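**Student:** Have a look at this one.
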Amino acid sequence: MILETTAARPGKLLSFLRGELGLSSSLVKRLKWRGALLLDGVPVHTDHPVAPGQTITVLLDEDTPDYPAQDGPLTILYEDEALLALDKPPGLLMHPSFHRNSGTLANFVAGYYARTGQRCAVHPVSRLDRDTFGVVLLAKNAHVHAALMAAQRAGALHKTYEALTLGHPVPPAGVWDFPLGRVPGESLLRQVDPAGKPARTNYVTLEIRGAVARLALTPRTGRTHQLRIHCAAAGCPILGDAQYGGAAANFGGLQGQQLLAQSLCFSHPRTGAAVEVASRQRLWDGP
């Protein structure tokens, strides 16, 4: 990916990189040692003077990841030079770990970039648990990733989930405000903890069918396992949730956690245009 602008005023290159192109200081430091900062096509350092009319070019090609690129199935919902949105299936890990270095979504994305000749790194903007399925957004370079993460922190990246639960919330719509903290002795599990980090979720009951409800969930914070714990704490655990679901974990012989990242809406970090991406997958429809 290439960022380019024409200087309208004199100044140092660094001021254009940080101001007009919006690059972070850490990214600028990495780019300057790679010869990726060009003035009228010539590599320069950040303290180089810039005259009006000169062309500033930034080459944002990324290094290859330190895990293997692999062929694997990907359902692409949206793609351009800056972004990739996928429809992640259930049961697929997002990223390699110390214990597993292959067979994850990141491996398959790296393989896709290699096959299509894209020098991009894998920068997840939204992450899903292994068993949660639906929309995942990735940036193709560190600059776009930083911009989208800032938008997410500012509440400008809107995520909507749907869930099937055992039981329904009372009242049928509202806000859950349950702070979350780690379960003592556990590295991954979380619990409602008055001394934990703030966690808020908007919820709306869409449908009640016998003992099962279908909810729309909008997280206002991004805590680990937030939606799953909030549903359980409200007395309506998510079907198929083996960690927090209790009786809902094996309801009706169901296999698979019924939490779907249904849609994602945001402003494109380069053009400002509104982008909405929706999953093609659906929740369980009963026995």
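Each chain in the structure tokens gets a letter, A, B and so on, in the order shown; residues start at 1 in every chain, and ligands are counted from 1 in the order they appear.
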Using backbone DSSP assignments, extract all alpha helix (DSSP H) residues from region 21-250 of chain A; output them as a ChimeraX atom specification.

**Tutor:** /A:25-32,105-115,142-153,226-233

**Student:** Quick one: residues within 8 Å of Gly245 (chain A), only C-alpha atoms counted, chain neighbours fewer than 5 positions away excluded, as a list of chain:residue names?

**Tutor:**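 Selected residues are A:Arg228, A:Ala232, A:Pro237, A:Ile238, A:Leu239, A:Gly240.
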
**Student:** Export C-alpha atoms of the chosen residues as a PDB file, in the first residue's frame?

**Tutor:**
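The resulting out27.pdb:
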```
ATOM      1  CA  ARG A 228     -20.879 -14.525  27.215  1.00  0.00           C
ATOM      2  CA  ALA A 232     -24.875 -15.677  32.018  1.00  0.00           C
ATOM      3  CA  PRO A 237     -26.611 -17.988  29.279  1.00  0.00           C
ATOM      4  CA  ILE A 238     -25.692 -18.534  25.640  1.00  0.00           C
ATOM      5  CA  LEU A 239     -26.556 -21.918  24.161  1.00  0.00           C
ATOM      6  CA  GLY A 240     -23.529 -24.122  23.593  1.00  0.00           C
TER       7      GLY A 240
END
```

**Student:** Would you pick out the contacts of region 43-52 of chain A at 6 Å or less, using only C-alpha atoms, so that residues sharing its chain but fewer than 2 positions from it are not included, and give the list as a PyMOL selection string?

**Tutor:** chain A and resi 7-14+35+37-38+54

**Student:** For the selection you just gave me, I'd like the residues written to a file as a CSV table (one decimal), in the first residue's frame, keeping C-alpha atoms.

**Tutor:**
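Output saved as selection-v3.csv:
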```csv
chain,number,residue,atom,x,y,z
A,7,ALA,CA,3.2,19.5,0.1
A,8,ALA,CA,1.4,22.8,0.1
A,9,ARG,CA,3.7,24.6,2.4
A,10,PRO,CA,7.4,24.3,3.5
A,11,GLY,CA,8.4,22.2,6.5
A,12,LYS,CA,10.2,19.2,7.7
A,13,LEU,CA,9.2,15.8,6.4
A,14,LEU,CA,8.2,14.6,9.9
A,35,GLY,CA,13.9,3.5,3.1
A,37,LEU,CA,9.9,7.5,3.1
A,38,LEU,CA,10.3,9.1,-0.3
A,54,GLN,CA,7.1,18.2,-3.7
```

**Student:** My list of candidates is A:Glu81, A:Ala195, A:Glu20, A:Ala163. Which is closest to Gln118 (chain A) when distances are computed with only C-alpha atoms?

**Tutor:**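 The closest residue to Gln118 (chain A) is A:Glu81.
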
**Student:** Write out, as CSV, each residue of region 135-247 of chain A that has an atom at most 10 Å from region 22-29 of chain A, together with the closest pair of atoms and their distance in Å to one decimal, counting only C-alpha atoms, rows going by chain and rising number.

**Tutor:**
```
residue,atom,partner,partner_atom,distance
A:Ala142,CA,A:Leu27,CA,7.2
A:His143,CA,A:Leu23,CA,6.2
A:Val144,CA,A:Leu23,CA,9.1
A:Ala146,CA,A:Ser24,CA,7.7
A:Ala147,CA,A:Gly22,CA,8.5
```

**Student:** Next, the residues of the selection above should be written as a short mmCIF file (atom, residue, chain, number, x, y, z; two decimals), in the first residue's frame with N, CA and C atoms.

**Tutor:**
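As written to disk, again-v1.cif reads:
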```
data_model
loop_
_atom_site.label_atom_id
_atom_site.label_comp_id
_atom_site.auth_asym_id
_atom_site.auth_seq_id
_atom_site.Cartn_x
_atom_site.Cartn_y
_atom_site.Cartn_z
N ALA A 142 0.13 -1.39 9.34
CA ALA A 142 0.11 -0.87 10.71
C ALA A 142 -0.57 0.49 10.80
N HIS A 143 -0.47 1.32 9.76
CA HIS A 143 -1.08 2.64 9.79
C HIS A 143 -2.60 2.54 9.84
N VAL A 144 -3.17 1.73 8.96
CA VAL A 144 -4.63 1.56 8.94
C VAL A 144 -5.09 0.89 10.23
N ALA A 146 -3.74 1.16 13.23
CA ALA A 146 -3.73 2.15 14.31
C ALA A 146 -4.94 3.08 14.20
N ALA A 147 -5.31 3.47 12.98
CA ALA A 147 -6.46 4.35 12.79
C ALA A 147 -7.76 3.67 13.21
#
```

**Student:** Measure the distance from CA of Arg34 (chain A) to CA of Leu60 (chain A) in Å and round it to one decimal.

**Tutor:**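 Interatomic distance here is 10.1 Å.
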
**Student:** Write out as a PyMOL selection string the set of residues from region 194-241 of chain A that DSSP, computed on the backbone, places in strand (DSSP E).

**Tutor:** chain A and resi 200-209+212-219

**Student:** Do a neighbour search on region 190-193 of chain A at 10 Å with only C-alpha atoms, toss out local chain neighbours closer than 3 positions, and write the hits as a PyMOL selection string.

**Tutor:** chain A and resi 177-184+186-187+196-199+223-226+228-230+232-233+243-244

**Student:** Save the residues we just selected, N, CA and C atoms, as a short mmCIF file (atom, residue, chain, number, x, y, z; two decimals), in the first residue's frame?

**Tutor:**
```
data_model
loop_
_atom_site.label_atom_id
_atom_site.label_comp_id
_atom_site.auth_asym_id
_atom_site.auth_seq_id
_atom_site.Cartn_x
_atom_site.Cartn_y
_atom_site.Cartn_z
N ASP A 177 -24.42 -3.59 32.96
CA ASP A 177 -23.21 -2.88 33.42
C ASP A 177 -22.59 -3.69 34.54
N PHE A 178 -21.86 -4.76 34.14
CA PHE A 178 -21.24 -5.67 35.09
C PHE A 178 -19.72 -5.63 34.89
N PRO A 179 -18.96 -5.07 35.83
CA PRO A 179 -17.49 -5.07 35.67
C PRO A 179 -16.94 -6.49 35.69
N LEU A 180 -15.84 -6.68 34.97
CA LEU A 180 -15.27 -8.02 34.82
C LEU A 180 -13.82 -8.07 35.27
N GLY A 181 -13.45 -9.19 35.88
CA GLY A 181 -12.08 -9.43 36.29
C GLY A 181 -11.70 -10.87 36.06
N ARG A 182 -10.42 -11.19 36.22
CA ARG A 182 -9.95 -12.56 36.04
C ARG A 182 -10.46 -13.49 37.14
N VAL A 183 -10.69 -14.73 36.78
CA VAL A 183 -10.96 -15.77 37.78
C VAL A 183 -9.63 -16.12 38.43
N PRO A 184 -9.53 -16.07 39.77
CA PRO A 184 -8.25 -16.37 40.43
C PRO A 184 -7.69 -17.72 40.00
N GLU A 186 -6.73 -18.55 37.08
CA GLU A 186 -6.99 -18.84 35.67
C GLU A 186 -6.38 -17.74 34.81
N SER A 187 -5.79 -18.10 33.70
CA SER A 187 -5.20 -17.10 32.82
C SER A 187 -6.20 -16.55 31.82
N GLY A 196 -13.39 -5.19 39.19
CA GLY A 196 -12.83 -5.41 37.86
C GLY A 196 -12.96 -4.19 36.96
N LYS A 197 -12.67 -4.40 35.69
CA LYS A 197 -12.73 -3.32 34.71
C LYS A 197 -14.18 -3.11 34.26
N PRO A 198 -14.56 -1.85 33.99
CA PRO A 198 -15.93 -1.59 33.53
C PRO A 198 -16.26 -2.36 32.26
N ALA A 199 -17.47 -2.87 32.19
CA ALA A 199 -17.92 -3.62 31.01
C ALA A 199 -19.41 -3.37 30.82
N ARG A 223 -14.19 -6.17 26.63
CA ARG A 223 -13.53 -7.06 27.57
C ARG A 223 -13.56 -8.52 27.10
N THR A 224 -12.58 -9.27 27.53
CA THR A 224 -12.52 -10.69 27.20
C THR A 224 -13.77 -11.42 27.68
N HIS A 225 -14.43 -12.15 26.76
CA HIS A 225 -15.62 -12.97 27.06
C HIS A 225 -16.80 -12.13 27.57
N GLN A 226 -16.80 -10.84 27.26
CA GLN A 226 -17.80 -9.94 27.84
C GLN A 226 -19.23 -10.37 27.57
N ARG A 228 -20.54 -13.23 26.65
CA ARG A 228 -20.88 -14.53 27.21
C ARG A 228 -21.12 -14.43 28.73
N ILE A 229 -20.26 -13.68 29.41
CA ILE A 229 -20.41 -13.55 30.86
C ILE A 229 -21.62 -12.68 31.20
N HIS A 230 -21.85 -11.61 30.45
CA HIS A 230 -22.99 -10.76 30.72
C HIS A 230 -24.31 -11.51 30.55
N ALA A 232 -24.77 -14.74 30.90
CA ALA A 232 -24.88 -15.68 32.02
C ALA A 232 -25.24 -14.96 33.31
N ALA A 233 -24.63 -13.80 33.54
CA ALA A 233 -24.90 -13.05 34.77
C ALA A 233 -26.33 -12.52 34.81
N GLN A 243 -18.03 -22.90 28.71
CA GLN A 243 -17.33 -22.30 29.84
C GLN A 243 -18.25 -21.56 30.79
N TYR A 244 -19.24 -20.85 30.27
CA TYR A 244 -20.08 -20.01 31.12
C TYR A 244 -21.57 -20.37 31.03
#
```

**Student:** List the spatial neighbours of Ala213 (chain A) as a list in words - criterion: any atom at most 9 Å away, only C-alpha atoms, same-chain residues fewer than 6 positions off excluded.

**Tutor:**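 The residues satisfying every condition are Ala163, Leu164, Thr165, Leu166, Gly167, His168, Pro169, Thr205, Leu206, Glu207 and Cys236 of chain A.
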
**Student:** Mind pulling up the distance from CA of Arg30 (chain A) to CA of Leu17 (chain A)?

**Tutor:**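 CA of Arg30 (chain A) lies at a distance of 12.8 Å from CA of Leu17 (chain A).
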
**Student:** If we count only C-alpha atoms and set the cut-off at 9 Å, which residues sit around Trp284 (chain A), ignoring sequence neighbours fewer than 4 positions away in its own chain? Please answer as a list in words.

**Tutor:**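 Near neighbours after the sequence-gap exclusion: Leu164, Leu254, Gly256 and Gln258 of chain A.
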
**Student:** Leaving out region 151-155 of chain A and any residue of its chain fewer than 2 positions from it, which residues lie within 10 Å of it when counting only C-alpha atoms, given as a VMD selection string?

**Tutor:** chain A and resid 125 to 126 145 to 149 157 to 159 219 to 222 266 to 267 269

**Student:** Limited to N, CA and C atoms, could you put the picked residues into a file as a PDB file, in the first residue's frame?

**Tutor:**
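Saved as selection_11.pdb:
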```
ATOM      1  N   VAL A 125      -8.348  -6.218  13.663  1.00  0.00           N
ATOM      2  CA  VAL A 125      -8.980  -5.078  14.329  1.00  0.00           C
ATOM      3  C   VAL A 125     -10.037  -5.583  15.298  1.00  0.00           C
ATOM      4  N   SER A 126     -10.806  -6.553  14.868  1.00  0.00           N
ATOM      5  CA  SER A 126     -11.780  -7.206  15.756  1.00  0.00           C
ATOM      6  C   SER A 126     -11.364  -8.667  15.907  1.00  0.00           C
ATOM      7  N   HIS A 145      -4.307  -0.062  10.726  1.00  0.00           N
ATOM      8  CA  HIS A 145      -4.657  -0.726  11.984  1.00  0.00           C
ATOM      9  C   HIS A 145      -4.728   0.271  13.133  1.00  0.00           C
ATOM     10  N   ALA A 146      -3.736   1.160  13.234  1.00  0.00           N
ATOM     11  CA  ALA A 146      -3.725   2.154  14.307  1.00  0.00           C
ATOM     12  C   ALA A 146      -4.936   3.076  14.202  1.00  0.00           C
ATOM     13  N   ALA A 147      -5.312   3.465  12.979  1.00  0.00           N
ATOM     14  CA  ALA A 147      -6.456   4.351  12.794  1.00  0.00           C
ATOM     15  C   ALA A 147      -7.757   3.672  13.209  1.00  0.00           C
ATOM     16  N   LEU A 148      -7.912   2.400  12.867  1.00  0.00           N
ATOM     17  CA  LEU A 148      -9.135   1.691  13.224  1.00  0.00           C
ATOM     18  C   LEU A 148      -9.204   1.384  14.713  1.00  0.00           C
ATOM     19  N   MET A 149      -8.072   1.089  15.320  1.00  0.00           N
ATOM     20  CA  MET A 149      -8.078   0.857  16.764  1.00  0.00           C
ATOM     21  C   MET A 149      -8.430   2.138  17.520  1.00  0.00           C
ATOM     22  N   LEU A 157     -16.526   2.409  15.931  1.00  0.00           N
ATOM     23  CA  LEU A 157     -16.579   1.140  15.215  1.00  0.00           C
ATOM     24  C   LEU A 157     -17.684   0.318  15.878  1.00  0.00           C
ATOM     25  N   HIS A 158     -18.800   0.173  15.173  1.00  0.00           N
ATOM     26  CA  HIS A 158     -20.023  -0.358  15.786  1.00  0.00           C
ATOM     27  C   HIS A 158     -20.199  -1.845  15.449  1.00  0.00           C
ATOM     28  N   LYS A 159     -20.221  -2.674  16.484  1.00  0.00           N
ATOM     29  CA  LYS A 159     -20.375  -4.117  16.323  1.00  0.00           C
ATOM     30  C   LYS A 159     -21.750  -4.538  16.832  1.00  0.00           C
ATOM     31  N   PRO A 219     -21.797  -4.508  22.228  1.00  0.00           N
ATOM     32  CA  PRO A 219     -20.829  -4.227  23.303  1.00  0.00           C
ATOM     33  C   PRO A 219     -20.383  -2.768  23.267  1.00  0.00           C
ATOM     34  N   ARG A 220     -20.379  -2.142  24.425  1.00  0.00           N
ATOM     35  CA  ARG A 220     -19.888  -0.766  24.545  1.00  0.00           C
ATOM     36  C   ARG A 220     -18.457  -0.725  25.061  1.00  0.00           C
ATOM     37  N   THR A 221     -17.974  -1.856  25.539  1.00  0.00           N
ATOM     38  CA  THR A 221     -16.571  -2.045  25.900  1.00  0.00           C
ATOM     39  C   THR A 221     -16.136  -3.365  25.285  1.00  0.00           C
ATOM     40  N   GLY A 222     -14.840  -3.641  25.297  1.00  0.00           N
ATOM     41  CA  GLY A 222     -14.341  -4.831  24.619  1.00  0.00           C
ATOM     42  C   GLY A 222     -13.587  -5.771  25.532  1.00  0.00           C
ATOM     43  N   PHE A 266     -18.414   1.116  10.207  1.00  0.00           N
ATOM     44  CA  PHE A 266     -17.344   2.050  10.531  1.00  0.00           C
ATOM     45  C   PHE A 266     -17.105   2.977   9.351  1.00  0.00           C
ATOM     46  N   SER A 267     -16.353   4.039   9.586  1.00  0.00           N
ATOM     47  CA  SER A 267     -15.921   4.930   8.520  1.00  0.00           C
ATOM     48  C   SER A 267     -14.572   4.445   8.002  1.00  0.00           C
ATOM     49  N   PRO A 269     -10.943   4.279   7.059  1.00  0.00           N
ATOM     50  CA  PRO A 269      -9.875   5.125   7.590  1.00  0.00           C
ATOM     51  C   PRO A 269      -9.170   5.972   6.541  1.00  0.00           C
TER      52      PRO A 269
END
```
